[in-house]
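**Q** My questions all concern the structure below.
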Amino acid sequence: MFFESESIEFKSQFTEEIYKEVIAFANTDGGVVYVGIDNEGNAIGLPNVDAEYARITNGIRDAIQPDVTMFVQYTIQENKVVRITVGEGTNKPYYLKAKGLKPGGVYVRQGSTSVPASLDLIRQMIKESDGDTFEDMRSLEQNLTFESAKAAFARYGVEFGEEKYRALGIRQKDQFSNLALLLSDQCPFTTKIAVFSDEELTVFRDSKEFAGSVFRQFEDAVNYLALCNKTASTIIGVVRIDKQDYPEEAIREALLNALVHRDYSFSGSIIINVNDNKMEFISLGGLMPGLTTEDIRLGISQPRNKKLAEVFHRLHLIESYGTGIRRVYKLYEKCTLQPKIEVTKGAFKMILPNMNASPAVSEDVAGKLTDQMKKVLDYLDANGQISDAELESLLNVKKTRVYTLTTKLKDLGLIEATGKGQNKQYVLKK
């Protein structure tokens, strides 16, 4: 006689509880289920062992996902007991098809019992089986629909259907991937936009949160930001010239960058802050290892979500990797204040200045601005003023170079000096 243990389970007759035991063994270290032996270890047998054998094998094949049958062997002992030998699976977590990738459907072995796995353990098993890339990992939610994705693909003239799922990366190992989750109508990530009436971003005018497929979020956010993008008019002679606060293409590129390159392993939202002077696009996830903000401005790109980027590329929403940021700076080349990129370990922020809130410069002046000059102007925009000593530190240059730069900027009519001697400060010229 032998007893139940971490690797042995007894069932006196067939019940659907057997599926739970098979899942637990496949998700842990393997084991054996005996059907026809009671809890005391007595072989009481099955009344019709052949019929029960067929019922067990068919049930395990149909009730458990992913397919576990290659790790399961069946034998009939003494013409009355079905022995189910389960090996540790390589495509964890295995789960009840009817319950899904949730604690109620995923089981592991704990001592001599099978217990529901926690969400953290389920995620860990997926990570170990599928790798570290979020978009390639199996989605915890498998009941997905793609109405917004279908509409987006149709709008841009690209075929979309189940026959394309595997090629796009929507299906992995016959299950929906996290890429599918992002494209689906059930996408749990959101984009939040807040409009403020003060520079410190503390007094709300309005706020919106957009959910659903990343395609729907993109369209809804673009349309809402268009309402925030005012037009200023000037009269030169008899000609009226209208100019928007922000180039529409710059808004589009900044939003696409946030959607495509954010780190979706974090559950937070994309945040867009708007006030009278700027738009801030903040997404989770800093730069990929080895990249700097200078690299990004040069157009060097290492996409975090390669398959998501490829989907947007197929729809011609992005042209090619790395060109979007360069295009944003190109749109601002005649503006005194330049877009800024701020990066922390866990976040990426792109700031678009309001072009009507900062004086434009002529093409002649724009052509004379060096990177150091732009850096000075950006600093003054953010901080208001700067001293000679602070300029030396900011640019890592000597006093003679500071004198040359400030003289050129004053001659171009972009900055002016206030105070004298040690109290001298440079400010943007109004």
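Ligands are numbered from 1 in the order shown, residues from 1 within each chain, and chains are lettered A, B, ... in the order they appear in the structure tokens.
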For Met355 (chain A), find every residue with an atom within 9 Å (counting only C-alpha atoms), except residues of its own chain fewer than 2 positions away, and show them as a ChimeraX atom specification.
**A** /A:243-247,277-278,332,335-337,352-353,357-360
**Q** Need the shell around region 223-232 of chain A: protein/DNA/RNA residues with any atom at most 12 Å away, counting only C-alpha atoms. Skip same-chain ones fewer than 2 positions apart. Format as an MDAnalysis selection string?
**A** chainID A and resid 191:196 205:210 216:221 234:235 240:252 254:255 272:281 352:357
**Q** Fewer than 3 positions away in the same chain doesn't count, so skip those; otherwise give me all residues within 12 Å of Gly111 (chain A), counting only C-alpha atoms, as a tab-separated table (two decimals) with N, CA and C atoms, in the first residue's frame.
**A**
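Dumped to result21.tsv:
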chain	number	residue	atom	x	y	z
A	4	GLU	N	-1.01	9.08	-0.69
A	4	GLU	CA	-0.93	10.32	-1.46
A	4	GLU	C	0.24	11.16	-0.98
A	5	SER	N	0.88	11.88	-1.92
A	5	SER	CA	2.03	12.70	-1.61
A	5	SER	C	2.10	13.84	-2.61
A	6	GLU	N	3.25	14.53	-2.62
A	6	GLU	CA	3.43	15.62	-3.59
A	6	GLU	C	3.32	15.13	-5.03
A	7	SER	N	3.63	13.86	-5.24
A	7	SER	CA	3.65	13.34	-6.62
A	7	SER	C	2.65	12.22	-6.86
A	8	ILE	N	1.76	11.94	-5.91
A	8	ILE	CA	0.77	10.87	-6.07
A	8	ILE	C	-0.59	11.37	-5.62
A	9	GLU	N	-1.61	11.11	-6.44
A	9	GLU	CA	-2.97	11.50	-6.13
A	9	GLU	C	-3.90	10.33	-6.45
A	24	ALA	N	-2.04	20.62	-12.07
A	24	ALA	CA	-1.12	20.90	-10.97
A	24	ALA	C	0.20	20.17	-11.15
A	25	PHE	N	0.16	18.91	-11.56
A	25	PHE	CA	1.40	18.16	-11.76
A	25	PHE	C	2.19	18.72	-12.94
A	28	THR	N	3.99	21.83	-11.96
A	28	THR	CA	4.98	21.73	-10.89
A	28	THR	C	6.08	20.76	-11.32
A	29	ASP	N	6.19	19.62	-10.66
A	29	ASP	CA	7.29	18.70	-10.96
A	29	ASP	C	6.83	17.35	-11.49
A	31	GLY	N	3.87	14.08	-11.71
A	31	GLY	CA	3.30	13.17	-10.71
A	31	GLY	C	2.40	12.14	-11.37
A	108	VAL	N	-1.33	24.40	-8.98
A	108	VAL	CA	0.01	23.89	-8.73
A	108	VAL	C	-0.06	22.92	-7.56
A	114	SER	N	-3.64	19.95	-4.51
A	114	SER	CA	-3.53	20.86	-5.65
A	114	SER	C	-4.28	22.14	-5.31
A	115	VAL	N	-3.61	23.28	-5.45
A	115	VAL	CA	-4.18	24.56	-5.02
A	115	VAL	C	-4.12	25.56	-6.17
**Q** If you run DSSP on this backbone, which residues of region 45-83 of chain A come out as helix (DSSP H, G or I), and could you give them as number ranges by chain?
**A** A: 49-63, 69-71
**Q** Could you please take those selected residues and save N, CA and C atoms as a compact mmCIF listing (two decimals), in the first residue's frame?
**A**
# COMPACT_ATOMS: atom_id res chain seq x y z
N VAL A 49 -13.72 -0.12 -17.03
CA VAL A 49 -12.43 0.55 -17.13
C VAL A 49 -12.14 1.07 -18.54
N ASP A 50 -12.58 0.34 -19.56
CA ASP A 50 -12.31 0.79 -20.94
C ASP A 50 -13.06 2.09 -21.26
N ALA A 51 -14.32 2.16 -20.83
CA ALA A 51 -15.11 3.37 -21.09
C ALA A 51 -14.54 4.55 -20.30
N GLU A 52 -14.13 4.30 -19.06
CA GLU A 52 -13.57 5.36 -18.24
C GLU A 52 -12.22 5.82 -18.79
N TYR A 53 -11.46 4.91 -19.32
CA TYR A 53 -10.17 5.23 -19.93
C TYR A 53 -10.37 6.22 -21.08
N ALA A 54 -11.35 5.93 -21.95
CA ALA A 54 -11.62 6.82 -23.08
C ALA A 54 -12.13 8.18 -22.60
N ARG A 55 -12.96 8.15 -21.56
CA ARG A 55 -13.50 9.39 -21.02
C ARG A 55 -12.39 10.26 -20.43
N ILE A 56 -11.46 9.63 -19.74
CA ILE A 56 -10.35 10.36 -19.12
C ILE A 56 -9.43 10.97 -20.18
N THR A 57 -9.02 10.17 -21.15
CA THR A 57 -8.07 10.65 -22.17
C THR A 57 -8.69 11.77 -23.00
N ASN A 58 -9.96 11.61 -23.39
CA ASN A 58 -10.61 12.65 -24.19
C ASN A 58 -10.82 13.92 -23.37
N GLY A 59 -11.17 13.75 -22.09
CA GLY A 59 -11.42 14.90 -21.24
C GLY A 59 -10.16 15.73 -21.01
N ILE A 60 -9.05 15.07 -20.74
CA ILE A 60 -7.79 15.78 -20.51
C ILE A 60 -7.35 16.52 -21.78
N ARG A 61 -7.57 15.89 -22.91
CA ARG A 61 -7.20 16.54 -24.18
C ARG A 61 -8.04 17.79 -24.43
N ASP A 62 -9.34 17.73 -24.11
CA ASP A 62 -10.25 18.82 -24.45
C ASP A 62 -10.35 19.91 -23.38
N ALA A 63 -10.10 19.57 -22.12
CA ALA A 63 -10.37 20.51 -21.03
C ALA A 63 -9.18 21.36 -20.65
N THR A 69 -1.10 16.84 -23.70
CA THR A 69 -1.12 15.40 -23.95
C THR A 69 0.27 14.79 -24.17
N MET A 70 1.21 15.58 -24.70
CA MET A 70 2.53 15.02 -24.95
C MET A 70 3.29 14.75 -23.65
N PHE A 71 2.80 15.31 -22.54
CA PHE A 71 3.44 15.08 -21.24
C PHE A 71 2.67 14.08 -20.37
**Q** Which residues are close to region 282-299 of chain A, i.e. within 8 Å by only C-alpha atoms, leaving aside same-chain residues fewer than 4 positions away? Reply as a PyMOL selection string.
**A** chain A and resi 258-259+262-264+266+268-272+303-304+321-326+341-350
**Q** With only C-alpha atoms as the basis for distance, which of A:Glu141, A:Asp136, A:Asp378, A:Asp198 is at the shortest distance from Asn305 (chain A)?
**A**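 Nearest candidate to Asn305 (chain A) out of A:Glu141, A:Asp136, A:Asp378, A:Asp198: A:Asp136.
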**Q** Ranking A:Val22, A:Val35, A:Pro93, A:Lys173 by minimum distance to Thr113 (chain A) and counting only C-alpha atoms, which one comes first?
**A**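 Among the listed residues, A:Val22 lies closest to Thr113 (chain A).
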**Q** What is the CA of Leu308 (chain A) to CA of Met125 (chain A) distance in Å?
**A**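 Those two atoms sit 23.0 Å apart.
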**Q** If DSSP is run on the backbone, what residues of region 66-222 of chain A are strand (DSSP E or B)? A reply as a PyMOL selection string would be ideal.
**A** chain A and resi 72-77+81-86+95-96+107-110+113-116+138+171-172+175-177+191-196+204-210
**Q** Using only C-alpha atoms, can you tell me which of A:Leu391, A:Leu119, A:Val376, A:Val402 comes closest to Leu428 (chain A)?
**A**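 Ranked by minimum distance to Leu428 (chain A), first place goes to A:Val376.
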**Q** Within 12 Å of Lys92 (chain A), counting only C-alpha atoms, which residues qualify if same-chain residues fewer than 4 places away don't, as number ranges by chain?
**A** A: 23-29, 64-68, 71, 87-88, 101, 106-108, 117, 121-131, 137-138, 173
**Q** Output N, CA and C atoms for every residue in the selection just made, as a compact mmCIF listing (two decimals), in the first residue's frame.
**A**
# COMPACT_ATOMS: atom_id res chain seq x y z
N ILE A 23 -3.30 19.29 -14.23
CA ILE A 23 -2.76 20.64 -14.40
C ILE A 23 -1.72 20.94 -13.33
N ALA A 24 -2.04 20.62 -12.07
CA ALA A 24 -1.12 20.90 -10.97
C ALA A 24 0.20 20.17 -11.15
N PHE A 25 0.16 18.91 -11.56
CA PHE A 25 1.40 18.16 -11.76
C PHE A 25 2.19 18.72 -12.94
N ALA A 26 1.51 19.07 -14.03
CA ALA A 26 2.20 19.61 -15.20
C ALA A 26 2.83 20.96 -14.91
N ASN A 27 2.20 21.74 -14.01
CA ASN A 27 2.72 23.06 -13.65
C ASN A 27 3.80 23.00 -12.58
N THR A 28 3.99 21.83 -11.96
CA THR A 28 4.98 21.73 -10.89
C THR A 28 6.08 20.76 -11.32
N ASP A 29 6.19 19.62 -10.66
CA ASP A 29 7.29 18.70 -10.96
C ASP A 29 6.83 17.35 -11.49
N ILE A 64 -7.96 20.97 -21.06
CA ILE A 64 -6.75 21.64 -20.59
C ILE A 64 -6.05 22.36 -21.74
N GLN A 65 -5.64 23.57 -21.48
CA GLN A 65 -4.81 24.33 -22.42
C GLN A 65 -3.56 24.83 -21.70
N PRO A 66 -2.44 25.02 -22.43
CA PRO A 66 -2.14 24.51 -23.76
C PRO A 66 -2.21 22.97 -23.79
N ASP A 67 -2.04 22.39 -24.97
CA ASP A 67 -2.12 20.95 -25.11
C ASP A 67 -1.08 20.27 -24.22
N VAL A 68 -1.56 19.45 -23.29
CA VAL A 68 -0.68 18.80 -22.32
C VAL A 68 -0.46 17.32 -22.64
N PHE A 71 2.80 15.31 -22.54
CA PHE A 71 3.44 15.08 -21.24
C PHE A 71 2.67 14.08 -20.37
N GLY A 87 4.14 14.36 -16.75
CA GLY A 87 5.46 14.96 -16.66
C GLY A 87 5.35 16.47 -16.50
N GLU A 88 6.40 17.09 -16.01
CA GLU A 88 6.42 18.55 -15.92
C GLU A 88 6.36 19.15 -17.32
N LEU A 101 -6.69 31.79 -17.79
CA LEU A 101 -5.43 32.01 -17.08
C LEU A 101 -5.67 32.85 -15.83
N VAL A 106 -5.84 27.85 -12.93
CA VAL A 106 -4.44 27.41 -12.89
C VAL A 106 -4.16 26.81 -11.52
N TYR A 107 -3.58 25.59 -11.52
CA TYR A 107 -3.29 24.91 -10.25
C TYR A 107 -1.83 24.47 -10.19
N VAL A 108 -1.33 24.40 -8.98
CA VAL A 108 0.01 23.89 -8.73
C VAL A 108 -0.06 22.92 -7.56
N ALA A 117 -3.12 28.71 -8.27
CA ALA A 117 -1.90 29.53 -8.33
C ALA A 117 -2.27 31.00 -8.18
N LEU A 121 2.34 34.16 -9.41
CA LEU A 121 2.96 32.90 -9.85
C LEU A 121 2.60 32.60 -11.30
N ILE A 122 1.36 32.91 -11.69
CA ILE A 122 0.96 32.70 -13.09
C ILE A 122 1.83 33.55 -14.01
N ARG A 123 2.02 34.82 -13.64
CA ARG A 123 2.87 35.69 -14.46
C ARG A 123 4.30 35.17 -14.52
N GLN A 124 4.80 34.68 -13.40
CA GLN A 124 6.16 34.17 -13.36
C GLN A 124 6.31 32.95 -14.27
N MET A 125 5.33 32.06 -14.27
CA MET A 125 5.38 30.88 -15.14
C MET A 125 5.36 31.29 -16.62
N ILE A 126 4.52 32.27 -16.93
CA ILE A 126 4.47 32.76 -18.31
C ILE A 126 5.82 33.34 -18.72
N LYS A 127 6.40 34.13 -17.83
CA LYS A 127 7.70 34.76 -18.12
C LYS A 127 8.77 33.70 -18.35
N GLU A 128 8.77 32.65 -17.51
CA GLU A 128 9.79 31.61 -17.64
C GLU A 128 9.59 30.80 -18.91
N SER A 129 8.34 30.62 -19.34
CA SER A 129 8.06 29.83 -20.54
C SER A 129 8.23 30.64 -21.82
N ASP A 130 7.79 31.90 -21.79
CA ASP A 130 7.74 32.70 -23.01
C ASP A 130 8.89 33.68 -23.16
N GLY A 131 9.66 33.93 -22.10
CA GLY A 131 10.74 34.91 -22.18
C GLY A 131 10.32 36.21 -21.54
N MET A 137 4.64 37.40 -24.61
CA MET A 137 4.11 36.54 -23.55
C MET A 137 2.62 36.32 -23.72
N ARG A 138 2.12 35.19 -23.23
CA ARG A 138 0.69 34.89 -23.32
C ARG A 138 -0.13 35.86 -22.48
N LYS A 173 1.75 30.05 -29.79
CA LYS A 173 1.44 28.72 -29.25
C LYS A 173 -0.07 28.52 -29.13
**Q** At a cut-off of 7 Å, using only C-alpha atoms, what residues contact Ile84 (chain A)? Leave out same-chain residues fewer than 2 positions from it and give the result as a VMD selection string.
**A** chain A and resid 32 to 34 72 to 75 82 86
**Q** Can you tell me how far CA of Leu183 (chain A) sits from CA of Ser148 (chain A), in Å to one decimal?
**A**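 These two atoms are separated by 7.9 Å.
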